[in-house]
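Undergrad: Dropping the structure in here first, questions after.
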Amino acid sequence: MIELKDTCKTYQTKNIETLALRGISLQIEKSEFVSIMGPSGCGKSTLLHIMGLLARPGEGAVYLEGEKINSYRDKDVARLRNQKIGFVFQSYNLIPDLNVIDNVEIPLLYRSVSGKERRKLAAEALEKVGLSARLRHFPTELSGGQQQRVAIARAIVGRPKILLADEPTGNLDSKMGDEIMDILEDLQQLENTTVVMVTHDEEKARRCQRIVRMFDGQLVH
Ligand SMILES: Nc1ncnc2c1ncn2[C@@H]1O[C@H](COP(=O)(O)OP(=O)(O)O)[C@@H](O)[C@H]1O
Ligand SMILES: [Mg+2]
């Protein structure tokens with residue numbers, strides 16, 4: 001489903017150059033449930049952003065369903081991302097001025113989906129994450145766990161084949177974190193979604209089929 005070959009990524013700021021990824025080669029199979037673990041700053045988010053086509057690698061190839069996408073134009077990458085990938089950010093990234101259902105509809109605005117169909121799909125996604133009773137609430141009126149569930153609904157509303165989640169349980173207590181894990185597990189098992197999540201929590205990682213460990217921009221074997 002996703003393949004990275006010798007992927008490197010360097011961040012250049014004024015005085016320092018940070019080698020965030022140093023030659024990562026990794027395959028994620030269709031419908032796999034994988035967690036990525038490693039100390040803070042080792043490159044987990046950078047790796048997830050590259051897999052999610054939110055960033056381009058400095059070196060190395062990225063394949064999505066066998067297609068090499070390095071040379072794609074930004075416009076085509078954006079279309080591919082919108083069609084195939086759902087991304088859950090650690091900090092939720094909900095739009096505070098929009099209510100829950102409007103937040104969830106956002107990815108569908110970039111597709112030719114009617115307003116009525118958008119409502120229906122957003123309501124279905126929110127039902128999957130158990131938030132049907134909160135459609136008209138605003139993000140600030142929700143708990144952290146509920147906001148994260150809205151962020152997941154938004155990521156899955158377009159039925160992506162791939163769901164990438166950056167520390168989706170990081171800000172939550174363990175019960176809420178377990179509920180988020182249940183949702184991710186259901187997506188993988190019932191809908192064959194490929195799920196890759198970053199986590200610091202060994203117990204949550206063990207619920208995945210495979211743990212990929214990183215250290216200092218490299219995979220640990
Ligand atoms: N936008 C950026 N500009 C400069 N350096 C960055 C940027 N994003 C991440 N880094 C650096 O790259 C390294 C890897 O970061 P990151 O992928 O966020 O790690 P992790 O998610 O494992 O904590 C860190 O040293 C971090 O400081
Ligand atoms: Mg991170």
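Following the order of the structure tokens, chains are lettered A, B, ..., residues in each are numbered from 1, and ligands are numbered from 1.
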Neighbours of ligand 2 within 8 Å, counting only C-alpha atoms and all ligand atoms, as number ranges by chain?
TA: A: 40-41, 43-46, 166-167, 198
Undergrad: Can you write out as a Markdown table which residues of chain A fall within 12 Å of ligand 1, alongside each residue's closest atom pair and its distance in Å to one decimal, counting only C-alpha atoms and all ligand atoms and ordering rows by chain and ascending residue number?
TA:
| residue | atom | partner | partner_atom_place_in_ligand_line | distance |
| --- | --- | --- | --- | --- |
| A:Cys8 | CA | ligand 1 | 12 (O) | 11.3 |
| A:Lys9 | CA | ligand 1 | 12 (O) | 8.5 |
| A:Thr10 | CA | ligand 1 | 12 (O) | 7.6 |
| A:Tyr11 | CA | ligand 1 | 4 (C) | 4.7 |
| A:Gln12 | CA | ligand 1 | 4 (C) | 6.1 |
| A:Thr13 | CA | ligand 1 | 4 (C) | 5.9 |
| A:Lys14 | CA | ligand 1 | 4 (C) | 9.5 |
| A:Asn15 | CA | ligand 1 | 4 (C) | 10.6 |
| A:Ile16 | CA | ligand 1 | 4 (C) | 8.4 |
| A:Glu17 | CA | ligand 1 | 5 (N) | 7.8 |
| A:Thr18 | CA | ligand 1 | 12 (O) | 5.8 |
| A:Leu19 | CA | ligand 1 | 12 (O) | 6.7 |
| A:Ala20 | CA | ligand 1 | 13 (C) | 4.4 |
| A:Leu21 | CA | ligand 1 | 14 (C) | 7.4 |
| A:Arg22 | CA | ligand 1 | 14 (C) | 10.6 |
| A:Ile36 | CA | ligand 1 | 22 (O) | 9.2 |
| A:Met37 | CA | ligand 1 | 22 (O) | 8.1 |
| A:Gly38 | CA | ligand 1 | 22 (O) | 6.4 |
| A:Pro39 | CA | ligand 1 | 22 (O) | 6.1 |
| A:Ser40 | CA | ligand 1 | 23 (O) | 3.8 |
| A:Gly41 | CA | ligand 1 | 23 (O) | 3.4 |
| A:Cys42 | CA | ligand 1 | 22 (O) | 4.0 |
| A:Gly43 | CA | ligand 1 | 17 (O) | 3.2 |
| A:Lys44 | CA | ligand 1 | 22 (O) | 3.7 |
| A:Ser45 | CA | ligand 1 | 21 (O) | 3.7 |
| A:Thr46 | CA | ligand 1 | 17 (O) | 3.7 |
| A:Leu47 | CA | ligand 1 | 17 (O) | 6.5 |
| A:Leu48 | CA | ligand 1 | 17 (O) | 8.1 |
| A:His49 | CA | ligand 1 | 17 (O) | 8.4 |
| A:Ile50 | CA | ligand 1 | 17 (O) | 9.9 |
| A:Leu54 | CA | ligand 1 | 1 (N) | 12.0 |
| A:Ala55 | CA | ligand 1 | 1 (N) | 10.2 |
| A:Phe89 | CA | ligand 1 | 21 (O) | 11.2 |
| A:Gln90 | CA | ligand 1 | 21 (O) | 10.1 |
| A:Ala165 | CA | ligand 1 | 21 (O) | 11.5 |
| A:Asp166 | CA | ligand 1 | 21 (O) | 8.0 |
| A:Glu167 | CA | ligand 1 | 21 (O) | 8.9 |
| A:Gly170 | CA | ligand 1 | 21 (O) | 11.9 |
| A:Met197 | CA | ligand 1 | 21 (O) | 11.3 |
| A:Val198 | CA | ligand 1 | 21 (O) | 8.1 |
| A:Thr199 | CA | ligand 1 | 21 (O) | 9.6 |
| A:His200 | CA | ligand 1 | 22 (O) | 9.7 |
| A:Arg213 | CA | ligand 1 | 22 (O) | 10.5 |
| A:Met214 | CA | ligand 1 | 22 (O) | 8.1 |
| A:Phe215 | CA | ligand 1 | 22 (O) | 8.4 |
| A:Asp216 | CA | ligand 1 | 14 (C) | 8.0 |
| A:Gly217 | CA | ligand 1 | 14 (C) | 7.2 |
| A:Gln218 | CA | ligand 1 | 22 (O) | 10.6 |
| A:Leu219 | CA | ligand 1 | 22 (O) | 11.7 |
Undergrad: Give me a file of those residues, with N, CA and C atoms, as a CSV table (one decimal), in the first residue's frame.
TA:
chain,number,residue,atom,x,y,z
A,8,CYS,N,15.2,10.0,2.9
A,8,CYS,CA,15.9,10.9,3.7
A,8,CYS,C,15.2,12.3,3.8
A,9,LYS,N,15.3,12.9,4.9
A,9,LYS,CA,14.7,14.3,5.0
A,9,LYS,C,15.5,15.2,5.9
A,10,THR,N,15.9,16.3,5.4
A,10,THR,CA,16.7,17.3,6.1
A,10,THR,C,15.9,18.5,6.3
A,11,TYR,N,15.9,19.1,7.5
A,11,TYR,CA,15.3,20.4,7.7
A,11,TYR,C,16.4,21.4,7.8
A,12,GLN,N,16.2,22.5,7.0
A,12,GLN,CA,17.2,23.5,7.1
A,12,GLN,C,16.6,24.8,7.7
A,13,THR,N,17.1,25.1,8.9
A,13,THR,CA,16.8,26.4,9.4
A,13,THR,C,18.0,27.3,9.4
A,14,LYS,N,17.9,28.5,9.9
A,14,LYS,CA,18.9,29.5,9.7
A,14,LYS,C,20.3,29.0,9.9
A,15,ASN,N,20.6,28.5,11.1
A,15,ASN,CA,22.0,28.0,11.4
A,15,ASN,C,22.2,26.5,11.4
A,16,ILE,N,21.1,25.8,11.6
A,16,ILE,CA,21.3,24.4,11.7
A,16,ILE,C,20.5,23.6,10.6
A,17,GLU,N,21.2,22.5,10.4
A,17,GLU,CA,20.6,21.5,9.4
A,17,GLU,C,20.3,20.3,10.3
A,18,THR,N,19.0,19.8,10.3
A,18,THR,CA,18.7,18.6,11.0
A,18,THR,C,18.4,17.5,10.0
A,19,LEU,N,19.1,16.4,10.2
A,19,LEU,CA,18.8,15.2,9.4
A,19,LEU,C,17.7,14.4,10.1
A,20,ALA,N,16.5,14.6,9.7
A,20,ALA,CA,15.3,14.0,10.5
A,20,ALA,C,15.1,12.6,10.1
A,21,LEU,N,15.3,12.2,8.8
A,21,LEU,CA,15.3,10.8,8.4
A,21,LEU,C,16.5,10.5,7.6
A,22,ARG,N,17.2,9.4,8.0
A,22,ARG,CA,18.4,9.0,7.4
A,22,ARG,C,18.3,7.6,6.7
A,36,ILE,N,4.2,3.1,15.0
A,36,ILE,CA,5.6,3.6,14.9
A,36,ILE,C,5.9,4.1,16.3
A,37,MET,N,7.0,3.6,16.9
A,37,MET,CA,7.4,4.1,18.2
A,37,MET,C,8.9,4.6,18.1
A,38,GLY,N,9.2,5.4,19.1
A,38,GLY,CA,10.6,5.9,19.2
A,38,GLY,C,10.6,7.1,20.0
A,39,PRO,N,11.8,7.5,20.5
A,39,PRO,CA,11.9,8.7,21.4
A,39,PRO,C,11.5,10.0,20.7
A,40,SER,N,11.1,11.0,21.5
A,40,SER,CA,10.8,12.3,20.9
A,40,SER,C,11.9,12.8,20.0
A,41,GLY,N,11.6,13.3,18.9
A,41,GLY,CA,12.6,13.9,18.0
A,41,GLY,C,13.3,12.9,17.1
A,42,CYS,N,12.9,11.7,17.1
A,42,CYS,CA,13.6,10.7,16.3
A,42,CYS,C,13.1,10.6,14.8
A,43,GLY,N,12.0,11.4,14.5
A,43,GLY,CA,11.6,11.5,13.1
A,43,GLY,C,10.2,10.9,12.8
A,44,LYS,N,9.5,10.5,13.9
A,44,LYS,CA,8.2,9.8,13.6
A,44,LYS,C,7.2,10.6,12.9
A,45,SER,N,7.0,11.9,13.3
A,45,SER,CA,6.0,12.7,12.6
A,45,SER,C,6.5,13.0,11.2
A,46,THR,N,7.8,13.2,11.0
A,46,THR,CA,8.3,13.5,9.6
A,46,THR,C,8.0,12.3,8.7
A,47,LEU,N,8.2,11.1,9.3
A,47,LEU,CA,8.0,9.9,8.5
A,47,LEU,C,6.5,9.8,8.1
A,48,LEU,N,5.6,10.0,9.1
A,48,LEU,CA,4.2,9.9,8.9
A,48,LEU,C,3.7,11.0,7.9
A,49,HIS,N,4.3,12.2,8.0
A,49,HIS,CA,3.9,13.3,7.0
A,49,HIS,C,4.4,12.9,5.6
A,50,ILE,N,5.5,12.2,5.5
A,50,ILE,CA,5.9,11.8,4.1
A,50,ILE,C,5.0,10.7,3.6
A,54,LEU,N,2.0,14.8,2.9
A,54,LEU,CA,2.0,16.1,3.4
A,54,LEU,C,3.3,16.8,3.3
A,55,ALA,N,4.4,16.0,3.1
A,55,ALA,CA,5.7,16.5,2.9
A,55,ALA,C,6.4,15.6,1.9
A,89,PHE,N,-4.2,14.5,13.2
A,89,PHE,CA,-3.1,15.2,13.8
A,89,PHE,C,-3.2,15.1,15.3
A,90,GLN,N,-2.0,15.1,16.0
A,90,GLN,CA,-2.0,15.0,17.4
A,90,GLN,C,-2.8,16.1,18.1
A,165,ALA,N,-2.3,8.3,11.8
A,165,ALA,CA,-2.6,9.0,13.0
A,165,ALA,C,-1.4,9.3,13.8
A,166,ASP,N,-1.1,10.6,14.1
A,166,ASP,CA,0.1,11.0,14.8
A,166,ASP,C,-0.3,11.1,16.3
A,167,GLU,N,0.1,10.2,17.1
A,167,GLU,CA,-0.1,10.1,18.6
A,167,GLU,C,-1.6,10.5,18.9
A,170,GLY,N,-2.3,10.5,22.5
A,170,GLY,CA,-1.3,11.1,23.3
A,170,GLY,C,-1.8,12.1,24.4
A,197,MET,N,-0.2,4.3,13.0
A,197,MET,CA,-0.2,5.3,14.1
A,197,MET,C,1.1,5.4,14.8
A,198,VAL,N,1.4,6.7,15.2
A,198,VAL,CA,2.5,6.9,16.0
A,198,VAL,C,2.1,6.9,17.5
A,199,THR,N,2.8,6.2,18.3
A,199,THR,CA,2.4,6.2,19.7
A,199,THR,C,3.6,6.1,20.6
A,200,HIS,N,3.5,6.6,21.9
A,200,HIS,CA,4.5,6.4,22.9
A,200,HIS,C,4.1,5.3,23.9
A,213,ARG,N,10.1,0.4,15.0
A,213,ARG,CA,10.8,1.2,16.0
A,213,ARG,C,11.8,2.1,15.3
A,214,MET,N,11.9,3.3,15.8
A,214,MET,CA,12.8,4.3,15.2
A,214,MET,C,13.8,4.8,16.2
A,215,PHE,N,15.0,5.2,15.8
A,215,PHE,CA,15.9,5.9,16.7
A,215,PHE,C,16.7,6.8,15.8
A,216,ASP,N,16.8,8.1,16.1
A,216,ASP,CA,17.6,9.0,15.4
A,216,ASP,C,17.5,9.0,13.9
A,217,GLY,N,16.3,9.0,13.4
A,217,GLY,CA,16.1,9.1,12.0
A,217,GLY,C,16.2,7.8,11.2
A,218,GLN,N,16.4,6.7,12.0
A,218,GLN,CA,16.6,5.4,11.3
A,218,GLN,C,15.7,4.3,11.9
A,219,LEU,N,15.4,3.3,11.2
A,219,LEU,CA,14.6,2.2,11.8
A,219,LEU,C,15.6,1.3,12.6
Undergrad: Enumerate as a list in words all residues of stretch 104-201 of chain A assigned to strand (DSSP E or B) by DSSP on the backbone, naming them with the chain letters and numbers the document uses.
TA: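 Filtering stretch 104-201 of chain A down to strand (DSSP E or B) leaves Ile162, Leu163, Leu164, Ala165, Asp166, Thr194, Val195, Val196, Met197 and Val198 of chain A.
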Undergrad: For stretch 63-78 of chain A, find every residue with an atom within 7 Å (counting only C-alpha atoms), except residues of its own chain fewer than 5 positions away, and show them as a list in words.
TA: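 Surrounding residues, per the criterion: Met1, Ile2, Glu3, Leu4 and Leu53 of chain A.
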Undergrad: Just N, CA and C atoms for this one: save the residues we selected as a JSON list (two decimals), in the first residue's frame.
TA:
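Saved to result07.json:
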[["chain", "number", "residue", "atom", "x", "y", "z"],
["A", 1, "MET", "N", 0.84, -1.21, 0.00],
["A", 1, "MET", "CA", 0.00, 0.00, 0.00],
["A", 1, "MET", "C", 0.87, 1.26, 0.00],
["A", 2, "ILE", "N", 1.85, 1.26, 0.92],
["A", 2, "ILE", "CA", 2.81, 2.37, 0.98],
["A", 2, "ILE", "C", 4.21, 1.77, 1.00],
["A", 3, "GLU", "N", 5.09, 2.32, 0.22],
["A", 3, "GLU", "CA", 6.48, 1.88, 0.30],
["A", 3, "GLU", "C", 7.42, 3.08, 0.24],
["A", 4, "LEU", "N", 8.37, 3.07, 1.17],
["A", 4, "LEU", "CA", 9.43, 4.09, 1.15],
["A", 4, "LEU", "C", 10.74, 3.39, 0.87],
["A", 53, "LEU", "N", 1.81, 12.11, 2.32],
["A", 53, "LEU", "CA", 1.98, 13.06, 1.21],
["A", 53, "LEU", "C", 1.77, 14.50, 1.66]]
Undergrad: Can you pull out every residue from stretch 3-58 of chain A that DSSP, working from the backbone, puts in helix (DSSP H, G or I), and format the result as a list of chain:residue names?
TA: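 The residues of stretch 3-58 of chain A classed as helix (DSSP H, G or I) are A:Lys44, A:Ser45, A:Thr46, A:Leu47, A:Leu48, A:His49, A:Ile50, A:Met51.
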Undergrad: For the residues selected in the previous step, produce a file with N, CA and C atoms as an mmCIF file, in the first residue's frame.
TA:
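Saved to part_35.cif:
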data_model
loop_
_atom_site.group_PDB
_atom_site.id
_atom_site.type_symbol
_atom_site.label_atom_id
_atom_site.label_comp_id
_atom_site.auth_asym_id
_atom_site.auth_seq_id
_atom_site.Cartn_x
_atom_site.Cartn_y
_atom_site.Cartn_z
ATOM 1 N N LYS A 44 9.468 10.470 13.851
ATOM 2 C CA LYS A 44 8.201 9.761 13.630
ATOM 3 C C LYS A 44 7.193 10.612 12.852
ATOM 4 N N SER A 45 7.011 11.857 13.284
ATOM 5 C CA SER A 45 6.038 12.716 12.597
ATOM 6 C C SER A 45 6.476 13.002 11.166
ATOM 7 N N THR A 46 7.780 13.222 10.994
ATOM 8 C CA THR A 46 8.304 13.469 9.646
ATOM 9 C C THR A 46 7.999 12.276 8.740
ATOM 10 N N LEU A 47 8.230 11.075 9.270
ATOM 11 C CA LEU A 47 7.956 9.856 8.498
ATOM 12 C C LEU A 47 6.470 9.768 8.140
ATOM 13 N N LEU A 48 5.612 10.031 9.122
ATOM 14 C CA LEU A 48 4.171 9.946 8.883
ATOM 15 C C LEU A 48 3.720 11.001 7.862
ATOM 16 N N HIS A 49 4.308 12.195 7.958
ATOM 17 C CA HIS A 49 3.944 13.250 6.996
ATOM 18 C C HIS A 49 4.355 12.867 5.573
ATOM 19 N N ILE A 50 5.491 12.215 5.450
ATOM 20 C CA ILE A 50 5.925 11.788 4.107
ATOM 21 C C ILE A 50 5.015 10.671 3.592
ATOM 22 N N MET A 51 4.650 9.726 4.484
ATOM 23 C CA MET A 51 3.718 8.673 4.058
ATOM 24 C C MET A 51 2.362 9.257 3.692
#
Undergrad: For the atom pair atom CA of A:Ile85 and atom CA of A:Thr194, what is the interatomic distance in Å to one decimal place?
TA: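 That distance, rounded to one decimal, is 9.5 Å.
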Undergrad: Pick out the closest residue to A:Pro160 from this set: A:Ala61, A:Val195, A:Ile211, A:Val113. Count only C-alpha atoms.
TA: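 Ranked by minimum distance to A:Pro160, first place goes to A:Val195.
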Undergrad: Env of A:Arg210: 10 Å cut, atoms = only C-alpha atoms, seq-sep filter 2 positions within chain, self excluded. Answer as an MDAnalysis selection string.
TA: chainID A and resid 28 32:36 196 205:208 212:213
Undergrad: Taking only C-alpha atoms into account, name the residue in A:Gly145, A:Gly177, A:Val100, A:Glu105 that is nearest to A:Ala133.
TA: A:Val100
Undergrad: Just to confirm, what's the straight-line distance from atom CA of A:Gly115 to atom CA of A:Ile95 in Å (one decimal)?
TA: 18.9 Å
Undergrad: Which residue is closest to A:Ile24? Choose from A:Glu203, A:Arg134, A:His221, A:Arg119 and count only C-alpha atoms.
TA: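 Once distances to A:Ile24 are computed over only C-alpha atoms, the minimum belongs to A:His221.
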Undergrad: Measure the distance from atom CA of A:Ser91 to atom CA of A:Arg56 in Å and round it to one decimal.
TA: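 A separation of 21.5 Å between them.
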Undergrad: Which residues come within 10 Å of A:Ala155, counting only C-alpha atoms, excluding same-chain residues fewer than 2 positions away, as a list in words?
TA: Asn82, Ile85, Gly86, Phe87, Val88, Phe89, Val104, Glu105, Ile106, Pro107, Ala125, Arg149, Val150, Ala151, Ile152, Ala153, Val157, Gly158, Arg159, Pro160, Ile162, Leu163, Leu164 and Ala165 of chain A
Undergrad: For A:Gly23, which residue out of A:Glu59, A:Ile101, A:Gly52, A:Tyr110 is the nearest one, using only C-alpha atoms?
TA: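 Ranking A:Glu59, A:Ile101, A:Gly52, A:Tyr110 by distance to A:Gly23, first place goes to A:Glu59.
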